[in-house]
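> My structure is below; once you've seen it, I'll send some questions.
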Amino acid sequence: CGQLPCVCGGTTKYKKIVVKLGDAHKLELETEWTEKFQFGDRLVSAKELVEILFGQLPTFFNSSDDLRTQWENPKTRQSLLDQLEREGFAEDKLEMIRRVVKVDGHDLLKCDLYDVLEYLAYSTTPIERAKRVEIVKKDYVLKQKLQNQQFLLFILDYYERNGFKELAGENLKTFIQLKFHSMPDAMKYLGMKPAEIRQAYYDLQHEIYSVKIDKQAPVVPYTFDLESKGRMVADEG
């Protein structure tokens, strides 16, 4: 409440704000009443910060595919984050935006910053890390050799729990040390050369960020067909 002593019982008050970013693109924010953020030499509200970022997003990527291509590679992902920071959007500000943006009443804390950027720019459906991991396991990892599966699942576990920073390029060495103790041991177990192991690491990230979920799956009407011996069949036309 801003008064000393406190007269509101110590309960933080929040307000919901709707930000219109386009003809068909509206965001819902939930922030403290008096919350302000430093941007350059001035203080701005969460609404103003989101609007500023939205206006500058086309300078960082020109399409959803361009964003994904940059984000799925550790080197270009870091370059993108560095560029955002130079323009005033350091990770702490992006994390703040992730905290206040609501999608259908839910926050994005279990999603990557990638989802926040894509949602702001293109109104796509954010995907939680657990869902990305679930789909990648089923559609990609379990189709690999058993030895490779175990290593990829090991990496996915860290990613799911801790986020995209676990997927930094320099962390591959750490994963190898934790799982195999040394590169020679990893090469022997996986049957791969160092360059192939690194490519597998990059390929996994490509799969993680290639996951897409439709906003609403089409509903196929069914009828109960007695002539088909009790099977349900899809209606035609």
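Letters A, B, ... mark the chains of the structure tokens in the order given; residue numbers begin at 1 per chain; ligand numbers begin at 1, in order shown.
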Extract, using only C-alpha atoms, all DNA, RNA and protein residues at most 9 Å from A:Ile135, discarding same-chain residues fewer than 4 positions from it, and format them as a list in words.
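Contacts, with the query itself left out: Ala130, Lys131, Asp139, Tyr140, Ile208 and Val211 of chain A.
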> Find the distance between atom CA of A:Val133 and atom CA of A:Phe164 and write it in Å to one decimal.
12.0 Å
> What lies within 9 Å of A:Ile127 using only C-alpha atoms, ignoring chain neighbours under 5 positions off, as a list in words?
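The neighbour list is Leu108, Lys110, Cys111, Asp112, Asp115, Arg132, Val211, Lys212 and Ile213 of chain A.
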> Would you pick out the contacts of A:Ser45 at 6 Å or less, using only C-alpha atoms, so that residues sharing its chain but fewer than 2 positions from it are not included, and give the list as a VMD selection string?
chain A and resid 36 47 to 48
> Those selected residues, please, written with C-alpha atoms and delivered as a PDB file, in the first residue's frame.

```pdb
ATOM      1  CA  LYS A  36       7.793  -0.124 -12.625  1.00  0.00           C
ATOM      2  CA  LYS A  47       2.420  -2.577 -20.404  1.00  0.00           C
ATOM      3  CA  GLU A  48       4.844  -0.012 -21.810  1.00  0.00           C
TER       4      GLU A  48
END
```
> Among the residues of stretch 52-212 of chain A, find those DSSP assigns to helix (DSSP H, G or I) from the backbone and print them as an mmCIF file with N, CA and C atoms, in the first residue's frame.

```
data_model
loop_
_atom_site.group_PDB
_atom_site.id
_atom_site.type_symbol
_atom_site.label_atom_id
_atom_site.label_comp_id
_atom_site.auth_asym_id
_atom_site.auth_seq_id
_atom_site.Cartn_x
_atom_site.Cartn_y
_atom_site.Cartn_z
ATOM 1 N N ILE A 52 7.003 -1.730 -26.108
ATOM 2 C CA ILE A 52 8.301 -1.366 -26.692
ATOM 3 C C ILE A 52 8.955 -2.588 -27.319
ATOM 4 N N LEU A 53 8.946 -3.704 -26.600
ATOM 5 C CA LEU A 53 9.540 -4.928 -27.128
ATOM 6 C C LEU A 53 8.821 -5.371 -28.388
ATOM 7 N N PHE A 54 7.500 -5.357 -28.368
ATOM 8 C CA PHE A 54 6.722 -5.780 -29.533
ATOM 9 C C PHE A 54 7.084 -4.945 -30.761
ATOM 10 N N GLY A 55 7.261 -3.645 -30.556
ATOM 11 C CA GLY A 55 7.594 -2.772 -31.662
ATOM 12 C C GLY A 55 8.962 -3.037 -32.250
ATOM 13 N N GLN A 56 9.873 -3.611 -31.443
ATOM 14 C CA GLN A 56 11.234 -3.849 -31.914
ATOM 15 C C GLN A 56 11.481 -5.279 -32.380
ATOM 16 N N LEU A 57 10.551 -6.189 -32.114
ATOM 17 C CA LEU A 57 10.775 -7.594 -32.457
ATOM 18 C C LEU A 57 11.143 -7.822 -33.926
ATOM 19 N N PRO A 58 10.548 -7.096 -34.892
ATOM 20 C CA PRO A 58 10.925 -7.334 -36.296
ATOM 21 C C PRO A 58 12.390 -7.057 -36.602
ATOM 22 N N THR A 59 13.078 -6.328 -35.730
ATOM 23 C CA THR A 59 14.508 -6.081 -35.962
ATOM 24 C C THR A 59 15.363 -7.262 -35.531
ATOM 25 N N SER A 64 8.310 -16.492 -37.716
ATOM 26 C CA SER A 64 8.358 -17.532 -36.691
ATOM 27 C C SER A 64 9.457 -18.549 -36.995
ATOM 28 N N ASP A 65 9.610 -18.881 -38.287
ATOM 29 C CA ASP A 65 10.655 -19.833 -38.684
ATOM 30 C C ASP A 65 12.040 -19.256 -38.439
ATOM 31 N N ASP A 66 12.202 -17.971 -38.687
ATOM 32 C CA ASP A 66 13.493 -17.317 -38.447
ATOM 33 C C ASP A 66 13.831 -17.335 -36.966
ATOM 34 N N LEU A 67 12.858 -17.047 -36.111
ATOM 35 C CA LEU A 67 13.078 -17.108 -34.664
ATOM 36 C C LEU A 67 13.478 -18.508 -34.240
ATOM 37 N N ARG A 68 12.762 -19.520 -34.732
ATOM 38 C CA ARG A 68 13.070 -20.898 -34.354
ATOM 39 C C ARG A 68 14.472 -21.294 -34.811
ATOM 40 N N THR A 69 14.836 -20.918 -36.030
ATOM 41 C CA THR A 69 16.157 -21.253 -36.553
ATOM 42 C C THR A 69 17.258 -20.642 -35.698
ATOM 43 N N GLN A 70 17.060 -19.407 -35.271
ATOM 44 C CA GLN A 70 18.052 -18.772 -34.411
ATOM 45 C C GLN A 70 18.089 -19.417 -33.032
ATOM 46 N N TRP A 71 16.922 -19.754 -32.499
ATOM 47 C CA TRP A 71 16.845 -20.224 -31.112
ATOM 48 C C TRP A 71 17.321 -21.669 -30.952
ATOM 49 N N GLU A 72 17.141 -22.491 -31.956
ATOM 50 C CA GLU A 72 17.447 -23.915 -31.794
ATOM 51 C C GLU A 72 18.943 -24.216 -31.809
ATOM 52 N N PRO A 74 22.631 -23.301 -30.274
ATOM 53 C CA PRO A 74 23.181 -22.600 -29.105
ATOM 54 C C PRO A 74 23.938 -21.322 -29.451
ATOM 55 N N LYS A 75 24.673 -21.319 -30.545
ATOM 56 C CA LYS A 75 25.469 -20.148 -30.901
ATOM 57 C C LYS A 75 24.585 -18.982 -31.333
ATOM 58 N N THR A 76 23.652 -19.244 -32.243
ATOM 59 C CA THR A 76 22.793 -18.156 -32.717
ATOM 60 C C THR A 76 21.778 -17.748 -31.650
ATOM 61 N N ARG A 77 21.412 -18.678 -30.769
ATOM 62 C CA ARG A 77 20.523 -18.315 -29.651
ATOM 63 C C ARG A 77 21.202 -17.281 -28.750
ATOM 64 N N GLN A 78 22.467 -17.524 -28.422
ATOM 65 C CA GLN A 78 23.186 -16.582 -27.579
ATOM 66 C C GLN A 78 23.384 -15.249 -28.298
ATOM 67 N N SER A 79 23.617 -15.295 -29.602
ATOM 68 C CA SER A 79 23.754 -14.059 -30.374
ATOM 69 C C SER A 79 22.462 -13.247 -30.331
ATOM 70 N N LEU A 80 21.314 -13.937 -30.424
ATOM 71 C CA LEU A 80 20.024 -13.261 -30.352
ATOM 72 C C LEU A 80 19.824 -12.632 -28.979
ATOM 73 N N LEU A 81 20.152 -13.367 -27.921
ATOM 74 C CA LEU A 81 20.013 -12.830 -26.562
ATOM 75 C C LEU A 81 20.932 -11.635 -26.349
ATOM 76 N N ASP A 82 22.131 -11.702 -26.907
ATOM 77 C CA ASP A 82 23.071 -10.581 -26.801
ATOM 78 C C ASP A 82 22.520 -9.351 -27.528
ATOM 79 N N GLN A 83 21.917 -9.570 -28.697
ATOM 80 C CA GLN A 83 21.346 -8.460 -29.466
ATOM 81 C C GLN A 83 20.180 -7.831 -28.703
ATOM 82 N N LEU A 84 19.336 -8.675 -28.119
ATOM 83 C CA LEU A 84 18.222 -8.170 -27.318
ATOM 84 C C LEU A 84 18.730 -7.340 -26.138
ATOM 85 N N GLU A 85 19.791 -7.814 -25.491
ATOM 86 C CA GLU A 85 20.351 -7.087 -24.346
ATOM 87 C C GLU A 85 20.888 -5.723 -24.769
ATOM 88 N N ARG A 86 21.563 -5.671 -25.913
ATOM 89 C CA ARG A 86 22.100 -4.390 -26.384
ATOM 90 C C ARG A 86 20.997 -3.369 -26.636
ATOM 91 N N GLU A 91 18.118 -10.416 -20.158
ATOM 92 C CA GLU A 91 17.311 -11.583 -19.766
ATOM 93 C C GLU A 91 16.410 -11.295 -18.579
ATOM 94 N N ASP A 92 16.856 -10.443 -17.653
ATOM 95 C CA ASP A 92 16.013 -10.167 -16.496
ATOM 96 C C ASP A 92 14.712 -9.470 -16.921
ATOM 97 N N LYS A 93 14.783 -8.624 -17.955
ATOM 98 C CA LYS A 93 13.563 -7.968 -18.439
ATOM 99 C C LYS A 93 12.683 -8.963 -19.185
ATOM 100 N N LEU A 94 13.291 -9.852 -19.972
ATOM 101 C CA LEU A 94 12.512 -10.881 -20.660
ATOM 102 C C LEU A 94 11.856 -11.823 -19.656
ATOM 103 N N GLU A 95 12.583 -12.139 -18.581
ATOM 104 C CA GLU A 95 12.013 -12.997 -17.542
ATOM 105 C C GLU A 95 10.847 -12.300 -16.845
ATOM 106 N N MET A 96 10.950 -10.989 -16.667
ATOM 107 C CA MET A 96 9.859 -10.241 -16.069
ATOM 108 C C MET A 96 8.623 -10.312 -16.953
ATOM 109 N N ILE A 97 8.831 -10.150 -18.264
ATOM 110 C CA ILE A 97 7.706 -10.232 -19.188
ATOM 111 C C ILE A 97 7.090 -11.630 -19.133
ATOM 112 N N ARG A 98 7.932 -12.646 -19.068
ATOM 113 C CA ARG A 98 7.410 -14.010 -18.960
ATOM 114 C C ARG A 98 6.561 -14.158 -17.690
ATOM 115 N N ARG A 99 6.948 -13.481 -16.645
ATOM 116 C CA ARG A 99 6.232 -13.583 -15.368
ATOM 117 C C ARG A 99 4.863 -12.925 -15.416
ATOM 118 N N VAL A 100 4.720 -11.807 -16.115
ATOM 119 C CA VAL A 100 3.463 -11.061 -16.049
ATOM 120 C C VAL A 100 2.478 -11.424 -17.157
ATOM 121 N N LEU A 113 11.774 -18.803 -22.817
ATOM 122 C CA LEU A 113 11.699 -17.447 -23.349
ATOM 123 C C LEU A 113 11.353 -17.470 -24.834
ATOM 124 N N TYR A 114 11.758 -18.529 -25.512
ATOM 125 C CA TYR A 114 11.404 -18.694 -26.927
ATOM 126 C C TYR A 114 9.896 -18.588 -27.119
ATOM 127 N N ASP A 115 9.136 -19.257 -26.256
ATOM 128 C CA ASP A 115 7.681 -19.233 -26.368
ATOM 129 C C ASP A 115 7.134 -17.837 -26.113
ATOM 130 N N VAL A 116 7.753 -17.111 -25.183
ATOM 131 C CA VAL A 116 7.312 -15.751 -24.888
ATOM 132 C C VAL A 116 7.506 -14.862 -26.114
ATOM 133 N N LEU A 117 8.683 -14.922 -26.717
ATOM 134 C CA LEU A 117 8.971 -14.102 -27.888
ATOM 135 C C LEU A 117 8.045 -14.455 -29.056
ATOM 136 N N GLU A 118 7.850 -15.755 -29.282
ATOM 137 C CA GLU A 118 7.004 -16.179 -30.396
ATOM 138 C C GLU A 118 5.546 -15.791 -30.152
ATOM 139 N N TYR A 119 5.104 -15.917 -28.911
ATOM 140 C CA TYR A 119 3.719 -15.553 -28.587
ATOM 141 C C TYR A 119 3.498 -14.055 -28.754
ATOM 142 N N LEU A 120 4.445 -13.247 -28.285
ATOM 143 C CA LEU A 120 4.320 -11.799 -28.432
ATOM 144 C C LEU A 120 4.258 -11.403 -29.904
ATOM 145 N N ALA A 121 5.134 -12.001 -30.701
ATOM 146 C CA ALA A 121 5.248 -11.596 -32.100
ATOM 147 C C ALA A 121 4.128 -12.148 -32.968
ATOM 148 N N TYR A 122 3.720 -13.401 -32.733
ATOM 149 C CA TYR A 122 2.841 -14.064 -33.700
ATOM 150 C C TYR A 122 1.599 -14.715 -33.079
ATOM 151 N N ARG A 129 7.724 -26.763 -21.226
ATOM 152 C CA ARG A 129 8.889 -27.627 -21.482
ATOM 153 C C ARG A 129 8.539 -29.098 -21.319
ATOM 154 N N ALA A 130 7.730 -29.413 -20.325
ATOM 155 C CA ALA A 130 7.365 -30.817 -20.106
ATOM 156 C C ALA A 130 6.661 -31.404 -21.318
ATOM 157 N N LYS A 131 5.827 -30.604 -21.985
ATOM 158 C CA LYS A 131 5.122 -31.081 -23.171
ATOM 159 C C LYS A 131 6.088 -31.239 -24.345
ATOM 160 N N ARG A 132 7.027 -30.297 -24.495
ATOM 161 C CA ARG A 132 8.044 -30.440 -25.542
ATOM 162 C C ARG A 132 8.822 -31.741 -25.349
ATOM 163 N N VAL A 133 9.237 -31.974 -24.113
ATOM 164 C CA VAL A 133 10.023 -33.171 -23.822
ATOM 165 C C VAL A 133 9.216 -34.426 -24.094
ATOM 166 N N GLU A 134 7.970 -34.425 -23.692
ATOM 167 C CA GLU A 134 7.100 -35.592 -23.918
ATOM 168 C C GLU A 134 7.007 -35.927 -25.403
ATOM 169 N N ILE A 135 6.805 -34.914 -26.226
ATOM 170 C CA ILE A 135 6.647 -35.138 -27.668
ATOM 171 C C ILE A 135 7.966 -35.555 -28.302
ATOM 172 N N VAL A 136 9.066 -34.914 -27.910
ATOM 173 C CA VAL A 136 10.376 -35.247 -28.482
ATOM 174 C C VAL A 136 10.786 -36.670 -28.112
ATOM 175 N N LYS A 137 10.493 -37.081 -26.904
ATOM 176 C CA LYS A 137 10.791 -38.462 -26.501
ATOM 177 C C LYS A 137 10.074 -39.444 -27.419
ATOM 178 N N LYS A 138 8.775 -39.198 -27.600
ATOM 179 C CA LYS A 138 7.951 -40.145 -28.361
ATOM 180 C C LYS A 138 8.284 -40.129 -29.853
ATOM 181 N N ASP A 139 8.426 -38.931 -30.413
ATOM 182 C CA ASP A 139 8.559 -38.812 -31.863
ATOM 183 C C ASP A 139 9.993 -38.863 -32.368
ATOM 184 N N VAL A 141 13.378 -39.330 -29.848
ATOM 185 C CA VAL A 141 14.397 -40.030 -29.061
ATOM 186 C C VAL A 141 14.215 -41.540 -29.108
ATOM 187 N N LEU A 142 12.992 -42.008 -28.942
ATOM 188 C CA LEU A 142 12.758 -43.447 -28.878
ATOM 189 C C LEU A 142 12.941 -44.143 -30.219
ATOM 190 N N LYS A 143 13.213 -43.378 -31.262
ATOM 191 C CA LYS A 143 13.516 -43.948 -32.566
ATOM 192 C C LYS A 143 15.022 -44.058 -32.812
ATOM 193 N N LEU A 146 19.576 -47.459 -28.804
ATOM 194 C CA LEU A 146 19.381 -47.488 -27.356
ATOM 195 C C LEU A 146 20.434 -46.664 -26.631
ATOM 196 N N GLN A 147 21.708 -46.795 -27.041
ATOM 197 C CA GLN A 147 22.766 -46.031 -26.380
ATOM 198 C C GLN A 147 22.527 -44.538 -26.521
ATOM 199 N N ASN A 148 22.117 -44.119 -27.712
ATOM 200 C CA ASN A 148 21.846 -42.705 -27.937
ATOM 201 C C ASN A 148 20.632 -42.235 -27.144
ATOM 202 N N GLN A 149 19.618 -43.075 -27.048
ATOM 203 C CA GLN A 149 18.419 -42.723 -26.288
ATOM 204 C C GLN A 149 18.767 -42.317 -24.864
ATOM 205 N N GLN A 150 19.600 -43.100 -24.209
ATOM 206 C CA GLN A 150 19.922 -42.836 -22.805
ATOM 207 C C GLN A 150 20.611 -41.490 -22.634
ATOM 208 N N PHE A 151 21.500 -41.150 -23.558
ATOM 209 C CA PHE A 151 22.203 -39.878 -23.467
ATOM 210 C C PHE A 151 21.256 -38.715 -23.747
ATOM 211 N N LEU A 152 20.422 -38.840 -24.769
ATOM 212 C CA LEU A 152 19.486 -37.776 -25.114
ATOM 213 C C LEU A 152 18.446 -37.575 -24.005
ATOM 214 N N LEU A 153 17.985 -38.659 -23.404
ATOM 215 C CA LEU A 153 17.039 -38.545 -22.291
ATOM 216 C C LEU A 153 17.685 -37.858 -21.089
ATOM 217 N N PHE A 154 18.958 -38.120 -20.877
ATOM 218 C CA PHE A 154 19.712 -37.493 -19.807
ATOM 219 C C PHE A 154 19.729 -35.967 -19.996
ATOM 220 N N ILE A 155 19.971 -35.520 -21.215
ATOM 221 C CA ILE A 155 19.992 -34.086 -21.521
ATOM 222 C C ILE A 155 18.597 -33.493 -21.386
ATOM 223 N N LEU A 156 17.601 -34.194 -21.898
ATOM 224 C CA LEU A 156 16.228 -33.696 -21.825
ATOM 225 C C LEU A 156 15.770 -33.505 -20.387
ATOM 226 N N ASP A 157 16.206 -34.368 -19.501
ATOM 227 C CA ASP A 157 15.819 -34.250 -18.094
ATOM 228 C C ASP A 157 16.321 -32.936 -17.506
ATOM 229 N N TYR A 158 17.565 -32.588 -17.793
ATOM 230 C CA TYR A 158 18.117 -31.316 -17.314
ATOM 231 C C TYR A 158 17.366 -30.137 -17.927
ATOM 232 N N TYR A 159 17.091 -30.225 -19.217
ATOM 233 C CA TYR A 159 16.368 -29.152 -19.893
ATOM 234 C C TYR A 159 14.981 -28.954 -19.296
ATOM 235 N N GLU A 160 14.265 -30.047 -19.075
ATOM 236 C CA GLU A 160 12.904 -29.931 -18.550
ATOM 237 C C GLU A 160 12.890 -29.274 -17.176
ATOM 238 N N ARG A 161 13.865 -29.620 -16.352
ATOM 239 C CA ARG A 161 13.884 -29.102 -14.983
ATOM 240 C C ARG A 161 14.403 -27.669 -14.904
ATOM 241 N N ASN A 162 15.366 -27.325 -15.752
ATOM 242 C CA ASN A 162 16.073 -26.058 -15.568
ATOM 243 C C ASN A 162 15.969 -25.069 -16.715
ATOM 244 N N PHE A 164 16.241 -23.603 -20.945
ATOM 245 C CA PHE A 164 17.089 -23.595 -22.139
ATOM 246 C C PHE A 164 18.554 -23.345 -21.844
ATOM 247 N N LYS A 165 18.891 -22.724 -20.717
ATOM 248 C CA LYS A 165 20.294 -22.453 -20.413
ATOM 249 C C LYS A 165 21.104 -23.741 -20.274
ATOM 250 N N GLU A 166 20.433 -24.845 -19.964
ATOM 251 C CA GLU A 166 21.129 -26.132 -19.891
ATOM 252 C C GLU A 166 21.635 -26.569 -21.266
ATOM 253 N N LEU A 167 21.068 -26.010 -22.331
ATOM 254 C CA LEU A 167 21.395 -26.442 -23.687
ATOM 255 C C LEU A 167 22.497 -25.595 -24.322
ATOM 256 N N ASN A 171 27.888 -26.582 -22.499
ATOM 257 C CA ASN A 171 27.388 -27.571 -21.544
ATOM 258 C C ASN A 171 27.477 -28.998 -22.066
ATOM 259 N N LEU A 172 27.711 -29.178 -23.357
ATOM 260 C CA LEU A 172 27.855 -30.543 -23.885
ATOM 261 C C LEU A 172 29.007 -31.258 -23.186
ATOM 262 N N LYS A 173 30.099 -30.558 -22.973
ATOM 263 C CA LYS A 173 31.238 -31.148 -22.276
ATOM 264 C C LYS A 173 30.843 -31.587 -20.879
ATOM 265 N N THR A 174 30.038 -30.783 -20.194
ATOM 266 C CA THR A 174 29.579 -31.122 -18.845
ATOM 267 C C THR A 174 28.689 -32.358 -18.867
ATOM 268 N N PHE A 175 27.773 -32.428 -19.836
ATOM 269 C CA PHE A 175 26.901 -33.600 -19.943
ATOM 270 C C PHE A 175 27.730 -34.868 -20.166
ATOM 271 N N ILE A 176 28.751 -34.773 -20.995
ATOM 272 C CA ILE A 176 29.599 -35.938 -21.275
ATOM 273 C C ILE A 176 30.341 -36.377 -20.016
ATOM 274 N N GLN A 177 30.835 -35.405 -19.259
ATOM 275 C CA GLN A 177 31.552 -35.733 -18.031
ATOM 276 C C GLN A 177 30.624 -36.364 -17.007
ATOM 277 N N LEU A 178 29.412 -35.840 -16.896
ATOM 278 C CA LEU A 178 28.463 -36.381 -15.921
ATOM 279 C C LEU A 178 28.001 -37.782 -16.296
ATOM 280 N N LYS A 179 27.794 -38.009 -17.586
ATOM 281 C CA LYS A 179 27.230 -39.287 -18.036
ATOM 282 C C LYS A 179 28.302 -40.347 -18.286
ATOM 283 N N PHE A 180 29.444 -39.938 -18.870
ATOM 284 C CA PHE A 180 30.442 -40.927 -19.306
ATOM 285 C C PHE A 180 31.816 -40.736 -18.666
ATOM 286 N N MET A 183 35.403 -37.920 -22.819
ATOM 287 C CA MET A 183 35.036 -38.007 -24.229
ATOM 288 C C MET A 183 35.376 -39.375 -24.818
ATOM 289 N N PRO A 184 36.561 -39.953 -24.528
ATOM 290 C CA PRO A 184 36.850 -41.296 -25.067
ATOM 291 C C PRO A 184 35.812 -42.330 -24.642
ATOM 292 N N ASP A 185 35.360 -42.251 -23.386
ATOM 293 C CA ASP A 185 34.343 -43.186 -22.917
ATOM 294 C C ASP A 185 33.011 -42.952 -23.647
ATOM 295 N N ALA A 186 32.682 -41.684 -23.875
ATOM 296 C CA ALA A 186 31.451 -41.360 -24.602
ATOM 297 C C ALA A 186 31.519 -41.895 -26.031
ATOM 298 N N MET A 187 32.666 -41.706 -26.676
ATOM 299 C CA MET A 187 32.844 -42.187 -28.045
ATOM 300 C C MET A 187 32.689 -43.699 -28.109
ATOM 301 N N LYS A 188 33.247 -44.379 -27.137
ATOM 302 C CA LYS A 188 33.184 -45.840 -27.118
ATOM 303 C C LYS A 188 31.751 -46.331 -26.893
ATOM 304 N N TYR A 189 31.047 -45.708 -25.949
ATOM 305 C CA TYR A 189 29.699 -46.151 -25.613
ATOM 306 C C TYR A 189 28.708 -45.824 -26.732
ATOM 307 N N LEU A 190 28.812 -44.608 -27.266
ATOM 308 C CA LEU A 190 27.862 -44.162 -28.283
ATOM 309 C C LEU A 190 28.232 -44.633 -29.678
ATOM 310 N N PRO A 194 33.567 -37.268 -31.909
ATOM 311 C CA PRO A 194 33.189 -36.022 -31.227
ATOM 312 C C PRO A 194 32.281 -35.120 -32.056
ATOM 313 N N ALA A 195 32.583 -34.967 -33.340
ATOM 314 C CA ALA A 195 31.756 -34.110 -34.195
ATOM 315 C C ALA A 195 30.335 -34.663 -34.321
ATOM 316 N N GLU A 196 30.209 -35.993 -34.334
ATOM 317 C CA GLU A 196 28.888 -36.618 -34.434
ATOM 318 C C GLU A 196 28.107 -36.439 -33.133
ATOM 319 N N ILE A 197 28.804 -36.506 -32.006
ATOM 320 C CA ILE A 197 28.133 -36.284 -30.717
ATOM 321 C C ILE A 197 27.615 -34.855 -30.635
ATOM 322 N N ARG A 198 28.450 -33.897 -31.055
ATOM 323 C CA ARG A 198 28.016 -32.501 -31.039
ATOM 324 C C ARG A 198 26.823 -32.297 -31.980
ATOM 325 N N GLN A 199 26.846 -32.940 -33.143
ATOM 326 C CA GLN A 199 25.726 -32.801 -34.070
ATOM 327 C C GLN A 199 24.452 -33.388 -33.476
ATOM 328 N N ALA A 200 24.583 -34.505 -32.761
ATOM 329 C CA ALA A 200 23.418 -35.107 -32.102
ATOM 330 C C ALA A 200 22.844 -34.153 -31.056
ATOM 331 N N TYR A 201 23.720 -33.428 -30.373
ATOM 332 C CA TYR A 201 23.316 -32.424 -29.381
ATOM 333 C C TYR A 201 22.532 -31.305 -30.046
ATOM 334 N N TYR A 202 23.011 -30.851 -31.198
ATOM 335 C CA TYR A 202 22.322 -29.806 -31.949
ATOM 336 C C TYR A 202 21.014 -30.329 -32.547
ATOM 337 N N ASP A 203 21.031 -31.555 -33.050
ATOM 338 C CA ASP A 203 19.819 -32.137 -33.633
ATOM 339 C C ASP A 203 18.706 -32.258 -32.588
ATOM 340 N N LEU A 204 19.081 -32.604 -31.362
ATOM 341 C CA LEU A 204 18.089 -32.710 -30.291
ATOM 342 C C LEU A 204 17.423 -31.355 -30.061
ATOM 343 N N GLN A 205 18.201 -30.293 -30.080
ATOM 344 C CA GLN A 205 17.637 -28.970 -29.860
ATOM 345 C C GLN A 205 16.730 -28.557 -31.022
ATOM 346 N N HIS A 206 17.108 -28.957 -32.223
ATOM 347 C CA HIS A 206 16.235 -28.711 -33.372
ATOM 348 C C HIS A 206 14.877 -29.375 -33.155
ATOM 349 N N GLU A 207 14.885 -30.605 -32.664
ATOM 350 C CA GLU A 207 13.635 -31.318 -32.420
ATOM 351 C C GLU A 207 12.821 -30.657 -31.307
ATOM 352 N N ILE A 208 13.484 -30.204 -30.256
ATOM 353 C CA ILE A 208 12.788 -29.559 -29.134
ATOM 354 C C ILE A 208 11.989 -28.358 -29.615
ATOM 355 N N TYR A 209 12.618 -27.546 -30.448
ATOM 356 C CA TYR A 209 11.962 -26.302 -30.846
ATOM 357 C C TYR A 209 11.174 -26.424 -32.140
ATOM 358 N N SER A 210 11.129 -27.604 -32.709
ATOM 359 C CA SER A 210 10.263 -27.853 -33.863
ATOM 360 C C SER A 210 8.877 -28.314 -33.433
#
```
> Between atom CA of A:Val50 and atom CA of A:Phe37, measure the distance and give it in Å to one decimal.
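We find that atom CA of A:Val50 and atom CA of A:Phe37 lie 11.1 Å from each other.
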> What does the distance from atom CA of A:Gln38 to atom CA of A:Glu87 come to in Å, to one decimal?
13.0 Å
> Please run DSSP on the backbone and report, as a VMD selection string, all residues within stretch 14-181 of chain A that come out as strand (DSSP E).
chain A and resid 14 to 22 25 to 32 37 to 39 42 to 44 101 to 103 106 to 107
> Suppose we keep C-alpha atoms; can you now write the selection as a PDB file, in the first residue's frame?

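File produced: out.pdb:
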```pdb
ATOM      1  CA  TYR A  14      -2.300  -7.025  -8.534  1.00  0.00           C
ATOM      2  CA  LYS A  15      -4.054  -5.566 -11.528  1.00  0.00           C
ATOM      3  CA  LYS A  16      -4.900  -7.146 -14.856  1.00  0.00           C
ATOM      4  CA  ILE A  17      -4.102  -5.196 -18.002  1.00  0.00           C
ATOM      5  CA  VAL A  18      -5.061  -5.915 -21.594  1.00  0.00           C
ATOM      6  CA  VAL A  19      -2.474  -4.827 -24.171  1.00  0.00           C
ATOM      7  CA  LYS A  20      -3.592  -4.545 -27.785  1.00  0.00           C
ATOM      8  CA  LEU A  21      -0.673  -5.368 -30.096  1.00  0.00           C
ATOM      9  CA  GLY A  22      -2.596  -5.718 -33.332  1.00  0.00           C
ATOM     10  CA  HIS A  25      -3.626  -9.840 -31.015  1.00  0.00           C
ATOM     11  CA  LYS A  26      -4.287  -8.931 -27.393  1.00  0.00           C
ATOM     12  CA  LEU A  27      -2.213  -9.801 -24.346  1.00  0.00           C
ATOM     13  CA  GLU A  28      -3.285 -10.108 -20.753  1.00  0.00           C
ATOM     14  CA  LEU A  29      -0.793  -8.982 -18.106  1.00  0.00           C
ATOM     15  CA  GLU A  30      -0.993  -9.381 -14.356  1.00  0.00           C
ATOM     16  CA  THR A  31       1.282  -7.055 -12.408  1.00  0.00           C
ATOM     17  CA  GLU A  32       1.508  -5.227  -9.102  1.00  0.00           C
ATOM     18  CA  PHE A  37      10.843  -1.258 -14.586  1.00  0.00           C
ATOM     19  CA  GLN A  38      14.022   0.513 -15.591  1.00  0.00           C
ATOM     20  CA  PHE A  39      14.353   0.864 -19.344  1.00  0.00           C
ATOM     21  CA  ARG A  42      13.364   6.011 -17.541  1.00  0.00           C
ATOM     22  CA  LEU A  43      10.894   3.953 -15.546  1.00  0.00           C
ATOM     23  CA  VAL A  44       8.136   2.218 -17.493  1.00  0.00           C
ATOM     24  CA  VAL A 101       2.058 -12.350 -19.368  1.00  0.00           C
ATOM     25  CA  LYS A 102      -0.987 -14.583 -18.996  1.00  0.00           C
ATOM     26  CA  VAL A 103      -2.382 -16.876 -21.694  1.00  0.00           C
ATOM     27  CA  HIS A 106      -2.133 -19.200 -17.110  1.00  0.00           C
ATOM     28  CA  ASP A 107       1.387 -17.860 -16.772  1.00  0.00           C
TER      29      ASP A 107
END
```
